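S.K.: Pasting start22.csv here (CSV, C-alpha atoms and all ligand atoms):
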```csv
chain,number,residue,atom,x,y,z
A,321,MET,CA,89.3,-7.6,54.8
A,322,LYS,CA,87.1,-5.1,56.4
A,323,LYS,CA,87.9,-2.8,59.3
A,324,ALA,CA,85.8,-0.1,60.9
A,325,ILE,CA,88.5,2.1,62.4
A,326,SER,CA,89.4,5.5,61.0
A,327,ALA,CA,91.9,5.5,58.2
A,328,LEU,CA,91.5,1.8,57.7
A,329,LEU,CA,87.8,2.3,57.0
A,330,ILE,CA,88.7,4.6,54.2
A,331,VAL,CA,91.1,1.9,52.9
A,332,GLY,CA,88.4,-0.7,53.1
A,333,MET,CA,85.9,1.5,51.3
A,334,LEU,CA,88.2,2.4,48.5
A,335,PHE,CA,89.3,-1.2,48.2
A,336,GLY,CA,85.7,-2.0,47.6
A,337,ILE,CA,85.4,0.6,44.8
A,338,ALA,CA,88.7,-0.5,43.3
A,339,CYS,CA,87.6,-4.1,43.4
A,340,PHE,CA,84.3,-3.4,41.8
A,341,ALA,CA,86.0,-1.5,38.9
A,342,GLY,CA,88.4,-4.5,38.5
A,343,CYS,CA,85.6,-7.0,38.4
A,344,THR,CA,83.6,-5.1,35.8
A,345,ALA,CA,86.6,-5.1,33.5
A,346,LYS,CA,87.3,-8.7,34.0
A,347,LYS,CA,83.8,-9.9,33.3
A,348,GLU,CA,84.1,-9.4,29.5
A,349,GLU,CA,87.3,-11.3,29.4
A,350,THR,CA,85.9,-14.4,31.3
A,351,THR,CA,82.8,-14.6,29.2
A,352,GLN,CA,84.6,-14.5,26.0
A,353,VAL,CA,87.4,-17.0,26.7
A,354,THR,CA,87.0,-20.5,28.1
A,355,LYS,CA,90.1,-21.5,29.9
A,356,SER,CA,91.3,-24.7,31.4
A,357,THR,CA,91.9,-24.8,35.2
A,358,ALA,CA,94.7,-27.3,34.5
A,359,ASP,CA,96.8,-24.3,33.5
A,360,ILE,CA,97.4,-23.1,37.0
A,361,ASP,CA,99.5,-24.5,39.9
A,362,TYR,CA,97.2,-24.7,42.9
A,363,LEU,CA,100.2,-24.9,45.2
A,364,VAL,CA,101.5,-21.5,44.0
A,365,ILE,CA,103.0,-19.3,46.7
A,366,VAL,CA,102.4,-15.6,46.7
A,367,ASN,CA,103.5,-13.7,49.8
A,368,LYS,CA,105.6,-10.6,50.6
A,369,LEU,CA,108.7,-12.3,49.1
A,370,HIS,CA,107.1,-14.2,46.2
A,371,LYS,CA,105.4,-12.5,43.4
A,372,LEU,CA,102.4,-13.7,41.4
A,373,PRO,CA,103.7,-15.7,38.4
A,374,GLU,CA,103.9,-13.7,35.2
A,375,ASP,CA,101.2,-15.5,33.2
A,376,TRP,CA,98.9,-16.2,36.1
A,377,GLU,CA,96.1,-13.8,35.3
A,378,LYS,CA,95.6,-14.8,31.7
A,379,ASN,CA,95.4,-18.5,32.7
A,380,LEU,CA,92.9,-17.9,35.5
A,381,ASN,CA,89.3,-19.3,35.1
A,382,ILE,CA,87.1,-17.1,37.2
A,383,THR,CA,83.6,-17.4,38.6
A,384,LYS,CA,81.8,-14.2,39.6
A,385,MET,CA,79.3,-14.2,42.5
A,386,ASN,CA,77.3,-11.7,44.4
A,387,ASN,CA,77.4,-11.9,48.2
A,388,SER,CA,74.7,-11.0,50.8
A,389,LEU,CA,76.1,-7.5,51.1
A,390,GLY,CA,75.5,-6.9,47.4
A,391,ASP,CA,79.3,-7.0,46.5
A,392,ASP,CA,80.6,-8.6,43.4
A,393,VAL,CA,83.2,-11.2,44.2
A,394,GLU,CA,85.5,-13.1,41.8
A,395,VAL,CA,86.9,-16.5,42.7
A,396,GLU,CA,88.9,-19.1,40.8
A,397,THR,CA,86.3,-21.5,39.5
A,398,LYS,CA,87.5,-24.7,41.2
A,399,ALA,CA,88.0,-22.9,44.5
A,400,TYR,CA,84.5,-21.5,44.3
A,401,GLU,CA,83.0,-25.0,43.7
A,402,ALA,CA,84.9,-26.3,46.8
A,403,TYR,CA,83.8,-23.2,48.8
A,404,LEU,CA,80.1,-24.0,48.0
A,405,LYS,CA,80.5,-27.5,49.3
A,406,LEU,CA,82.2,-26.2,52.5
A,407,LYS,CA,79.4,-23.7,52.9
A,408,GLU,CA,76.7,-26.4,52.5
A,409,ASP,CA,78.5,-28.7,55.0
A,410,LEU,CA,78.8,-25.9,57.6
A,411,LYS,CA,75.2,-24.9,57.2
A,412,LYS,CA,74.1,-28.4,58.4
A,413,GLU,CA,75.9,-27.5,61.7
A,414,GLY,CA,74.2,-24.1,61.9
A,415,VAL,CA,77.2,-22.1,60.8
A,416,ASN,CA,76.6,-19.7,57.9
A,417,ILE,CA,79.4,-18.2,55.9
A,418,ASP,CA,79.6,-15.9,52.9
A,419,LEU,CA,82.4,-14.5,50.7
A,420,ASP,CA,83.7,-11.0,51.5
A,421,SER,CA,86.4,-10.8,48.9
A,422,ALA,CA,88.5,-13.2,46.9
A,423,ARG,CA,90.3,-12.3,43.7
A,424,ARG,CA,91.8,-8.8,43.3
A,425,SER,CA,93.7,-8.1,40.0
A,426,ILE,CA,97.1,-6.5,39.9
A,427,ALA,CA,95.7,-3.7,37.9
A,428,ALA,CA,93.1,-2.9,40.7
A,429,GLN,CA,95.9,-3.0,43.3
A,430,GLU,CA,98.1,-0.7,41.2
A,431,ASP,CA,95.2,1.7,40.9
A,432,ILE,CA,94.8,1.7,44.7
A,433,VAL,CA,98.5,2.4,45.2
A,434,LYS,CA,98.3,5.3,42.7
A,435,ARG,CA,95.3,6.9,44.2
A,436,PHE,CA,96.4,6.5,47.8
A,437,THR,CA,99.9,7.8,47.1
A,438,GLU,CA,98.3,11.0,45.7
A,439,LYS,CA,95.9,11.3,48.6
A,440,TYR,CA,97.9,10.2,51.7
A,441,GLY,CA,101.5,10.0,50.6
A,442,GLU,CA,104.1,7.3,50.2
A,443,ASP,CA,104.6,6.5,53.9
A,444,TYR,CA,100.9,5.7,54.3
A,445,VAL,CA,100.8,3.5,51.3
A,446,LYS,CA,103.9,1.6,52.4
A,447,LYS,CA,102.3,0.9,55.8
A,448,TYR,CA,98.7,0.0,54.8
A,449,VAL,CA,98.6,-1.0,51.1
A,450,ALA,CA,99.9,-4.3,49.7
A,451,VAL,CA,102.5,-4.1,46.9
A,452,PRO,CA,100.8,-5.0,43.6
A,453,GLY,CA,101.8,-8.6,42.6
A,454,TYR,CA,102.5,-9.7,46.2
A,455,SER,CA,99.0,-10.2,47.6
A,456,GLU,CA,97.7,-13.8,47.7
A,457,HIS,CA,94.3,-12.4,46.7
A,458,HIS,CA,95.7,-12.0,43.1
A,459,THR,CA,95.7,-15.8,42.8
A,460,GLY,CA,91.9,-16.1,43.1
A,461,LEU,CA,92.6,-18.9,45.5
A,462,ALA,CA,92.5,-16.8,48.7
A,463,LEU,CA,89.1,-16.2,50.1
A,464,ASP,CA,88.0,-13.9,52.9
A,465,LEU,CA,84.9,-15.2,54.7
A,466,TYR,CA,82.4,-13.4,56.9
A,467,LEU,CA,79.7,-14.8,59.1
A,468,ASN,CA,76.0,-14.7,59.3
A,469,ILE,CA,74.9,-15.1,62.9
A,470,ASN,CA,71.1,-15.2,63.8
A,471,GLY,CA,70.3,-13.7,60.4
A,472,LYS,CA,72.8,-10.8,60.8
A,473,ASP,CA,75.9,-10.3,58.7
A,474,VAL,CA,79.1,-10.0,60.7
A,475,TYR,CA,81.9,-8.8,58.4
A,476,LEU,CA,84.0,-6.3,60.3
A,477,ASN,CA,87.3,-7.7,61.5
A,478,GLU,CA,86.9,-6.5,65.1
A,479,ASP,CA,83.4,-8.1,65.2
A,480,MET,CA,84.4,-11.3,63.6
A,481,VAL,CA,87.2,-12.1,66.1
A,482,LYS,CA,84.6,-12.2,68.8
A,483,TYR,CA,83.4,-15.6,67.6
A,484,PRO,CA,86.4,-17.9,68.1
A,485,GLU,CA,84.2,-21.0,68.6
A,486,ILE,CA,82.4,-20.4,65.3
A,487,TRP,CA,85.8,-20.0,63.5
A,488,GLU,CA,87.0,-23.2,65.2
A,489,LYS,CA,84.1,-25.1,63.6
A,490,ILE,CA,84.9,-23.6,60.2
A,491,HIS,CA,88.6,-24.3,60.5
A,492,GLN,CA,87.9,-28.0,61.3
A,493,LYS,CA,86.2,-28.5,58.0
A,494,LEU,CA,88.6,-26.6,55.7
A,495,ALA,CA,90.9,-29.5,54.8
A,496,ASP,CA,88.0,-31.8,53.8
A,497,TYR,CA,87.4,-29.4,50.8
A,498,GLY,CA,91.1,-28.7,50.0
A,499,PHE,CA,91.4,-25.4,51.9
A,500,ILE,CA,93.9,-24.4,54.6
A,501,LEU,CA,93.9,-21.5,57.1
A,502,ARG,CA,96.6,-19.3,55.7
A,503,TYR,CA,97.7,-16.8,58.4
A,504,LEU,CA,98.1,-18.8,61.6
A,505,LYS,CA,98.6,-17.6,65.2
A,506,GLY,CA,102.3,-17.9,66.0
A,507,LYS,CA,103.5,-18.1,62.4
A,508,GLU,CA,103.5,-14.4,61.7
A,509,HIS,CA,107.3,-14.5,61.3
A,510,VAL,CA,106.8,-17.0,58.4
A,511,THR,CA,103.7,-15.7,56.7
A,512,GLY,CA,104.3,-11.9,57.3
A,513,TYR,CA,100.7,-11.5,58.5
A,514,SER,CA,98.9,-11.4,61.8
A,515,TYR,CA,96.3,-14.1,62.6
A,516,GLU,CA,93.3,-13.9,60.3
A,517,PRO,CA,90.6,-16.5,61.0
A,518,TRP,CA,88.7,-15.5,57.9
A,519,HIS,CA,91.4,-15.7,55.2
A,520,ILE,CA,91.4,-19.3,53.7
A,521,ARG,CA,93.4,-20.6,50.8
A,522,TYR,CA,92.4,-23.3,48.3
A,523,ILE,CA,95.2,-25.7,47.4
A,524,ASP,CA,93.1,-28.4,45.5
A,525,ASP,CA,94.7,-31.3,47.5
A,526,VAL,CA,92.7,-32.7,50.4
A,527,ASP,CA,95.6,-34.9,51.6
A,528,ALA,CA,98.1,-32.0,51.6
A,529,ALA,CA,95.5,-29.7,53.3
A,530,LYS,CA,95.0,-32.4,56.0
A,531,GLU,CA,98.7,-32.8,56.6
A,532,ILE,CA,99.2,-29.0,56.9
A,533,THR,CA,96.3,-28.7,59.3
A,534,ALA,CA,97.4,-31.6,61.4
A,535,LYS,CA,100.9,-30.4,61.7
A,536,GLY,CA,99.8,-26.8,62.4
A,537,ILE,CA,102.4,-25.5,60.0
A,538,ALA,CA,102.3,-22.5,57.6
A,539,PHE,CA,102.1,-23.1,53.9
A,540,GLU,CA,105.6,-21.7,53.4
A,541,GLU,CA,106.8,-24.4,55.9
A,542,TYR,CA,104.9,-27.2,54.0
A,543,LEU,CA,106.5,-26.1,50.8
A,544,GLY,CA,110.0,-26.2,52.4
A,545,LEU,CA,110.6,-22.5,51.8
A,546,VAL,CA,111.1,-21.9,55.5
A,547,LYS,CA,112.5,-24.3,58.1
A,548,VAL,CA,110.0,-25.2,60.9
A,549,THR,CA,111.4,-23.9,64.2
A,550,ASP,CA,110.0,-23.0,67.5
A,551,VAL,CA,110.3,-19.4,68.6
A,552,ALA,CA,110.9,-18.7,72.4
A,553,TYR,CA,108.8,-15.8,73.6
A,554,ASP,CA,109.3,-13.9,76.8
A,555,TYR,CA,106.9,-11.1,77.8
A,556,GLY,CA,108.8,-10.2,80.9
A,557,GLN,CA,107.2,-8.6,84.0
A,558,SER,CA,106.5,-5.1,82.8
A,559,LYS,CA,105.0,-2.3,84.9
A,560,LEU,CA,105.1,0.0,81.9
A,561,TYR,CA,103.2,-2.1,79.4
A,562,LYS,CA,100.3,-4.6,79.4
A,563,LYS,CA,101.0,-8.0,77.9
A,564,ALA,CA,98.6,-7.2,75.0
A,565,GLN,CA,100.7,-4.2,74.1
A,566,ILE,CA,103.8,-6.2,74.1
A,567,GLU,CA,102.1,-8.9,72.0
A,568,GLU,CA,101.0,-6.3,69.5
A,569,CYS,CA,104.5,-5.0,69.1
A,570,MET,CA,105.9,-8.6,68.9
A,571,ASP,CA,103.4,-9.2,66.0
A,572,LEU,CA,104.8,-6.2,64.1
A,573,VAL,CA,108.3,-7.4,64.5
A,574,LYS,CA,107.4,-11.0,63.5
A,575,CYS,CA,105.5,-9.7,60.4
A,576,LYS,CA,108.6,-7.7,59.4
A,577,PHE,CA,110.9,-10.6,60.1
A,578,ALA,CA,109.0,-12.7,57.5
A,579,GLU,CA,110.5,-10.3,54.9
A,580,TRP,CA,114.0,-11.2,55.9
A,581,GLU,CA,114.5,-14.1,53.5
A,582,GLY,CA,116.6,-17.0,54.8
A,583,CYS,CA,116.6,-15.7,58.4
A,584,GLU,CA,115.4,-17.9,61.2
A,585,LEU,CA,113.8,-16.3,64.2
A,586,GLN,CA,114.7,-18.1,67.4
A,587,ALA,CA,113.7,-15.9,70.3
A,588,LEU,CA,111.7,-12.7,70.8
A,589,ARG,CA,111.5,-10.9,74.2
A,590,TYR,CA,110.5,-7.7,76.0
A,591,ALA,CA,113.8,-5.9,76.7
A,592,GLY,CA,112.8,-5.1,80.3
A,593,ASP,CA,111.4,-2.0,82.0
A,594,GLU,CA,114.9,-0.5,82.8
A,595,LYS,CA,116.0,-0.5,79.1
A,596,ASN,CA,112.6,0.7,78.0
A,597,ALA,CA,112.6,3.6,80.3
A,598,ARG,CA,116.1,4.6,79.3
A,599,GLU,CA,115.4,4.5,75.6
A,600,LYS,CA,112.1,6.4,75.9
A,601,THR,CA,113.4,9.9,76.6
A,602,GLU,CA,116.1,9.8,73.9
A,603,ARG,CA,114.1,8.2,71.2
A,604,LEU,CA,111.0,10.2,71.6
A,605,LYS,CA,113.0,13.4,71.5
A,606,SER,CA,114.6,12.4,68.1
A,607,LEU,CA,111.4,10.9,66.7
A,608,ASN,CA,109.4,14.0,67.5
A,609,GLU,CA,111.9,16.4,66.1
A,610,LYS,CA,110.0,16.7,62.8
A,611,GLU,CA,106.6,16.9,64.3
A,612,PRO,CA,106.2,17.6,68.0
A,613,ASP,CA,104.2,15.1,70.0
A,614,GLN,CA,103.7,12.8,67.0
A,615,TYR,CA,104.8,9.8,69.1
A,616,THR,CA,103.9,9.2,72.7
A,617,ALA,CA,105.6,5.9,73.7
A,618,ILE,CA,108.6,3.7,72.8
A,619,MET,CA,109.0,-0.1,73.2
A,620,VAL,CA,112.2,-2.0,73.0
A,621,LEU,CA,112.1,-5.7,72.1
A,622,GLU,CA,115.0,-8.1,71.5
A,623,THR,CA,115.5,-11.0,69.1
A,624,ASP,CA,117.9,-13.9,68.6
A,625,PHE,CA,118.1,-15.1,65.1
A,626,LYS,CA,120.2,-16.9,62.5
A,627,THR,CA,120.9,-15.6,59.0
A,628,GLY,CA,120.9,-18.0,56.0
A,629,GLU,CA,123.9,-18.8,53.8
A,630,LYS,CA,122.5,-16.6,51.1
A,631,ILE,CA,121.2,-13.2,52.1
A,632,SER,CA,119.3,-10.4,50.4
A,633,ASP,CA,121.2,-7.3,49.3
A,634,THR,CA,118.7,-5.2,51.0
A,635,LEU,CA,119.7,-6.5,54.5
A,636,THR,CA,122.8,-5.2,56.2
A,637,LEU,CA,123.5,-8.5,57.9
A,638,GLU,CA,126.2,-11.1,57.5
A,639,PRO,CA,125.3,-14.5,56.0
A,640,GLY,CA,125.5,-17.6,58.2
A,641,LYS,CA,125.7,-15.8,61.5
A,642,ASP,CA,124.0,-16.0,64.8
A,643,TYR,CA,122.6,-12.7,66.1
A,644,THR,CA,121.7,-12.3,69.8
A,645,ASP,CA,120.0,-9.5,71.6
A,646,TYR,CA,119.3,-7.7,68.3
A,647,GLN,CA,117.1,-4.7,69.2
A,648,TRP,CA,113.8,-3.5,67.7
A,649,ILE,CA,112.5,0.0,68.6
A,650,LEU,CA,108.8,0.5,68.3
A,651,ALA,CA,107.0,3.8,68.5
A,652,CYS,CA,103.4,4.5,69.3
A,653,ASP,CA,101.8,7.5,67.6
A,654,LYS,CA,99.2,9.8,69.1
A,655,GLU,CA,96.4,7.7,67.6
A,656,GLY,CA,97.7,4.7,69.6
A,657,SER,CA,99.1,2.8,66.6
A,658,TRP,CA,102.5,1.1,66.9
A,659,GLU,CA,105.1,1.0,64.2
A,660,ILE,CA,108.7,-0.2,63.9
A,661,ALA,CA,110.9,2.9,64.2
A,662,ASP,CA,114.4,1.2,64.1
A,663,CYS,CA,116.2,-2.0,64.4
A,664,GLY,CA,119.8,-3.0,65.0
A,665,TYR,CA,122.4,-2.8,67.8
B,701,ZN,ZN,92.4,-12.0,52.8
```
Taking this structure as input, can you express it in the form of structure tokens?
Ligand SMILES: [Zn+2]
M.R.:
Amino acid sequence: MKKAISALLIVGMLFGIACFAGCTAKKEETTQVTKSTADIDYLVIVNKLHKLPEDWEKNLNITKMNNSLGDDVEVETKAYEAYLKLKEDLKKEGVNIDLDSARRSIAAQEDIVKRFTEKYGEDYVKKYVAVPGYSEHHTGLALDLYLNINGKDVYLNEDMVKYPEIWEKIHQKLADYGFILRYLKGKEHVTGYSYEPWHIRYIDDVDAAKEITAKGIAFEEYLGLVKVTDVAYDYGQSKLYKKAQIEECMDLVKCKFAEWEGCELQALRYAGDEKNAREKTERLKSLNEKEPDQYTAIMVLETDFKTGEKISDTLTLEPGKDYTDYQWILACDKEGSWEIADCGY
């Protein structure tokens, strides 16, 4: 995960430092103790709802490598062996990959949260930093790749996305080595993350990986944690917003929706220019009360969804009910970054 833009660059840099500190500490442990890889469940699920199992870190067998950027990277040993085979295979086709980051310990993540809370405050941390224990990178089985094109390393997110044809070649080979692409386009409401072509996950099962890939389903869906459903999208005909802006806001809503355990997203649409124009004045006024001109735009989206029979206490929704035209209000701050400001009727 590397980004070049403003605040996120700082996050990226400090992540690097934190990871390095974590790696150094872990080194002694892994050289002293020999562990069996049979101790871990390669089909483990770690996402925004499912925490890393309690004894995971002590059972993990780690290999440490150094990438072309000079960073130390830790990977679960079997995942690393599979990665090397994938890399070798891709090389034959003229595609060169390297490892940006893989395993991040809970302690390192806690350290990041602590330092960032002191420096930027709680709101910032909530928005940009993963909750310790809930990042798939803790498993050692999640790998972030970067590319080497014509002898040049391409590792920034915004640069990497410019090569969809190269990622396509990489993605086609993943299952042969027991890997899956984890954060799929169109499955944000299931995974909780936007599309990431570089984030791959080792599951140690070629047949399962092939099935997941062929069906185009998310890992959560394969494991039966979430029902596979089609979401109906409607971008409308807006004169106020470009389709890309509407898509960006839809992504935010979908990622948030993934945290609503047991809820099934059915439809997501732009609420129309009329409703958007009406909401804008009122909402901006109330949102900018604390700090004038902090927000510059408002977008209203609507969703249809169904709640499960059992529902989390944190949600003020009724179980087993169909919700239609449920609203999401998004606000754009002066830096051009969108966030969810409110949801409900
Ligand atoms: Zn990642």
S.K.: Counting all atoms listed in the file, which protein, DNA or RNA residues come within 9 Å of ligand ZN 701 (chain B), given as a list in words?
M.R.: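 Taking all atoms listed in the file into account, the residues around ligand ZN 701 (chain B) at most 9 Å away are Met321, Asp420, Ser421, Ala422, Ser455, Glu456, His457, Ala462, Leu463, Asp464, Leu465, Arg502, Glu516, Trp518, His519, Ile520 and Arg521 of chain A.
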S.K.: What gap, in Å, lies between atom CA of Lys605 of chain A and atom CA of Ala617 of chain A?
M.R.: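 Going from atom CA of Lys605 of chain A over to atom CA of Ala617 of chain A covers 10.8 Å.
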S.K.: Residues at most 12 Å from segment 631-638 of chain A, counting all atoms listed in the file, excluding those fewer than 5 positions away in the same chain, as a JSON list (two decimals) with C-alpha atoms, in the frame of the given file?
M.R.:
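Everything below was put into selection39.json:
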```json
[["chain", "number", "residue", "atom", "x", "y", "z"],
["A", 369, "LEU", "CA", 108.70, -12.30, 49.10],
["A", 577, "PHE", "CA", 110.90, -10.60, 60.10],
["A", 579, "GLU", "CA", 110.50, -10.30, 54.90],
["A", 580, "TRP", "CA", 114.00, -11.20, 55.90],
["A", 581, "GLU", "CA", 114.50, -14.10, 53.50],
["A", 582, "GLY", "CA", 116.60, -17.00, 54.80],
["A", 583, "CYS", "CA", 116.60, -15.70, 58.40],
["A", 584, "GLU", "CA", 115.40, -17.90, 61.20],
["A", 625, "PHE", "CA", 118.10, -15.10, 65.10],
["A", 626, "LYS", "CA", 120.20, -16.90, 62.50],
["A", 643, "TYR", "CA", 122.60, -12.70, 66.10],
["A", 646, "TYR", "CA", 119.30, -7.70, 68.30],
["A", 663, "CYS", "CA", 116.20, -2.00, 64.40],
["A", 664, "GLY", "CA", 119.80, -3.00, 65.00],
["A", 665, "TYR", "CA", 122.40, -2.80, 67.80]]
```
S.K.: Which residues of segment 341-434 of chain A sit at most 10 Å from segment 540-553 of chain A, using only C-alpha atoms? Give each one's shortest atom pair and distance in Å (one decimal place), in chain and ascending residue order, as a tab-separated table.
M.R.:
```
residue	atom	partner	partner_atom	distance
A:Leu363	CA	A:Leu543	CA	8.5
A:Val364	CA	A:Leu543	CA	9.6
A:Ile365	CA	A:Glu540	CA	7.6
A:Val366	CA	A:Glu540	CA	9.6
A:Asn367	CA	A:Glu540	CA	9.0
```
S.K.: Grab the residues selected above and save them as a PDB file, in the coordinates of the input with C-alpha atoms.
M.R.:
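Generated output (out_29.pdb):
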```pdb
ATOM      1  CA  LEU A 363     100.200 -24.900  45.200  1.00  0.00           C
ATOM      2  CA  VAL A 364     101.500 -21.500  44.000  1.00  0.00           C
ATOM      3  CA  ILE A 365     103.000 -19.300  46.700  1.00  0.00           C
ATOM      4  CA  VAL A 366     102.400 -15.600  46.700  1.00  0.00           C
ATOM      5  CA  ASN A 367     103.500 -13.700  49.800  1.00  0.00           C
TER       6      ASN A 367
END
```
S.K.: Given 4 Å on each side, where is the centre and what are the edge lengths in Å to one decimal of the axis-aligned box enclosing the listed atoms of segment 385-404 of chain A, as lines of an AutoDock Vina configuration file?
M.R.:
```
center_x = 81.8
center_y = -16.6
center_z = 45.3
size_x = 22.2
size_y = 27.4
size_z = 19.6
```
S.K.: Applying 9 Å and only C-alpha atoms, which residues near Tyr362 of chain A remain after dropping the ones on its own chain fewer than 2 positions away? List them as a PDB file with C-alpha atoms, in the frame of the given file.
M.R.:
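Listed below is the output, around01.pdb:
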```pdb
ATOM      1  CA  ILE A 360      97.400 -23.100  37.000  1.00  0.00           C
ATOM      2  CA  VAL A 364     101.500 -21.500  44.000  1.00  0.00           C
ATOM      3  CA  ILE A 365     103.000 -19.300  46.700  1.00  0.00           C
ATOM      4  CA  LEU A 461      92.600 -18.900  45.500  1.00  0.00           C
ATOM      5  CA  TYR A 522      92.400 -23.300  48.300  1.00  0.00           C
ATOM      6  CA  ILE A 523      95.200 -25.700  47.400  1.00  0.00           C
ATOM      7  CA  ASP A 524      93.100 -28.400  45.500  1.00  0.00           C
ATOM      8  CA  ASP A 525      94.700 -31.300  47.500  1.00  0.00           C
TER       9      ASP A 525
END
```
S.K.: Output as a PDB file, in the coordinates of the input: segment 418-437 of chain A, completed with N, CA and C atoms.
M.R.:
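The new file result_5.pdb reads:
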```pdb
ATOM      1  N   ASP A 418      79.752 -16.488  54.243  1.00  0.00           N
ATOM      2  CA  ASP A 418      79.600 -15.900  52.900  1.00  0.00           C
ATOM      3  C   ASP A 418      81.008 -15.359  52.524  1.00  0.00           C
ATOM      4  N   LEU A 419      81.126 -14.939  51.256  1.00  0.00           N
ATOM      5  CA  LEU A 419      82.400 -14.500  50.700  1.00  0.00           C
ATOM      6  C   LEU A 419      82.539 -12.984  50.725  1.00  0.00           C
ATOM      7  N   ASP A 420      83.508 -12.476  51.463  1.00  0.00           N
ATOM      8  CA  ASP A 420      83.700 -11.000  51.500  1.00  0.00           C
ATOM      9  C   ASP A 420      84.475 -10.558  50.278  1.00  0.00           C
ATOM     10  N   SER A 421      85.670 -11.105  50.112  1.00  0.00           N
ATOM     11  CA  SER A 421      86.400 -10.800  48.900  1.00  0.00           C
ATOM     12  C   SER A 421      87.335 -11.945  48.576  1.00  0.00           C
ATOM     13  N   ALA A 422      87.658 -12.082  47.332  1.00  0.00           N
ATOM     14  CA  ALA A 422      88.500 -13.200  46.900  1.00  0.00           C
ATOM     15  C   ALA A 422      89.594 -12.624  45.983  1.00  0.00           C
ATOM     16  N   ARG A 423      89.306 -12.690  44.685  1.00  0.00           N
ATOM     17  CA  ARG A 423      90.300 -12.300  43.700  1.00  0.00           C
ATOM     18  C   ARG A 423      90.387 -10.758  43.534  1.00  0.00           C
ATOM     19  N   ARG A 424      91.595 -10.247  43.581  1.00  0.00           N
ATOM     20  CA  ARG A 424      91.800  -8.800  43.300  1.00  0.00           C
ATOM     21  C   ARG A 424      92.917  -8.778  42.230  1.00  0.00           C
ATOM     22  N   SER A 425      92.668  -8.116  41.118  1.00  0.00           N
ATOM     23  CA  SER A 425      93.700  -8.100  40.000  1.00  0.00           C
ATOM     24  C   SER A 425      94.832  -7.174  40.389  1.00  0.00           C
ATOM     25  N   ILE A 426      95.958  -7.398  39.717  1.00  0.00           N
ATOM     26  CA  ILE A 426      97.100  -6.500  39.900  1.00  0.00           C
ATOM     27  C   ILE A 426      96.800  -5.117  39.493  1.00  0.00           C
ATOM     28  N   ALA A 427      96.048  -5.000  38.413  1.00  0.00           N
ATOM     29  CA  ALA A 427      95.700  -3.700  37.900  1.00  0.00           C
ATOM     30  C   ALA A 427      94.874  -2.900  38.967  1.00  0.00           C
ATOM     31  N   ALA A 428      93.952  -3.589  39.626  1.00  0.00           N
ATOM     32  CA  ALA A 428      93.100  -2.900  40.700  1.00  0.00           C
ATOM     33  C   ALA A 428      94.019  -2.487  41.820  1.00  0.00           C
ATOM     34  N   GLN A 429      94.998  -3.331  42.183  1.00  0.00           N
ATOM     35  CA  GLN A 429      95.900  -3.000  43.300  1.00  0.00           C
ATOM     36  C   GLN A 429      96.800  -1.818  42.911  1.00  0.00           C
ATOM     37  N   GLU A 430      97.247  -1.782  41.657  1.00  0.00           N
ATOM     38  CA  GLU A 430      98.100  -0.700  41.200  1.00  0.00           C
ATOM     39  C   GLU A 430      97.301   0.642  41.250  1.00  0.00           C
ATOM     40  N   ASP A 431      96.039   0.538  40.915  1.00  0.00           N
ATOM     41  CA  ASP A 431      95.200   1.700  40.900  1.00  0.00           C
ATOM     42  C   ASP A 431      95.019   2.240  42.365  1.00  0.00           C
ATOM     43  N   ILE A 432      94.877   1.314  43.318  1.00  0.00           N
ATOM     44  CA  ILE A 432      94.800   1.700  44.700  1.00  0.00           C
ATOM     45  C   ILE A 432      96.030   2.419  45.178  1.00  0.00           C
ATOM     46  N   VAL A 433      97.181   1.824  44.836  1.00  0.00           N
ATOM     47  CA  VAL A 433      98.500   2.400  45.200  1.00  0.00           C
ATOM     48  C   VAL A 433      98.587   3.836  44.657  1.00  0.00           C
ATOM     49  N   LYS A 434      98.206   4.007  43.401  1.00  0.00           N
ATOM     50  CA  LYS A 434      98.300   5.300  42.700  1.00  0.00           C
ATOM     51  C   LYS A 434      97.435   6.345  43.436  1.00  0.00           C
ATOM     52  N   ARG A 435      96.198   5.974  43.639  1.00  0.00           N
ATOM     53  CA  ARG A 435      95.300   6.900  44.200  1.00  0.00           C
ATOM     54  C   ARG A 435      95.611   7.257  45.691  1.00  0.00           C
ATOM     55  N   PHE A 436      96.078   6.255  46.408  1.00  0.00           N
ATOM     56  CA  PHE A 436      96.400   6.500  47.800  1.00  0.00           C
ATOM     57  C   PHE A 436      97.704   7.278  47.976  1.00  0.00           C
ATOM     58  N   THR A 437      98.655   7.080  47.046  1.00  0.00           N
ATOM     59  CA  THR A 437      99.900   7.800  47.100  1.00  0.00           C
ATOM     60  C   THR A 437      99.578   9.322  46.900  1.00  0.00           C
TER      61      THR A 437
END
```
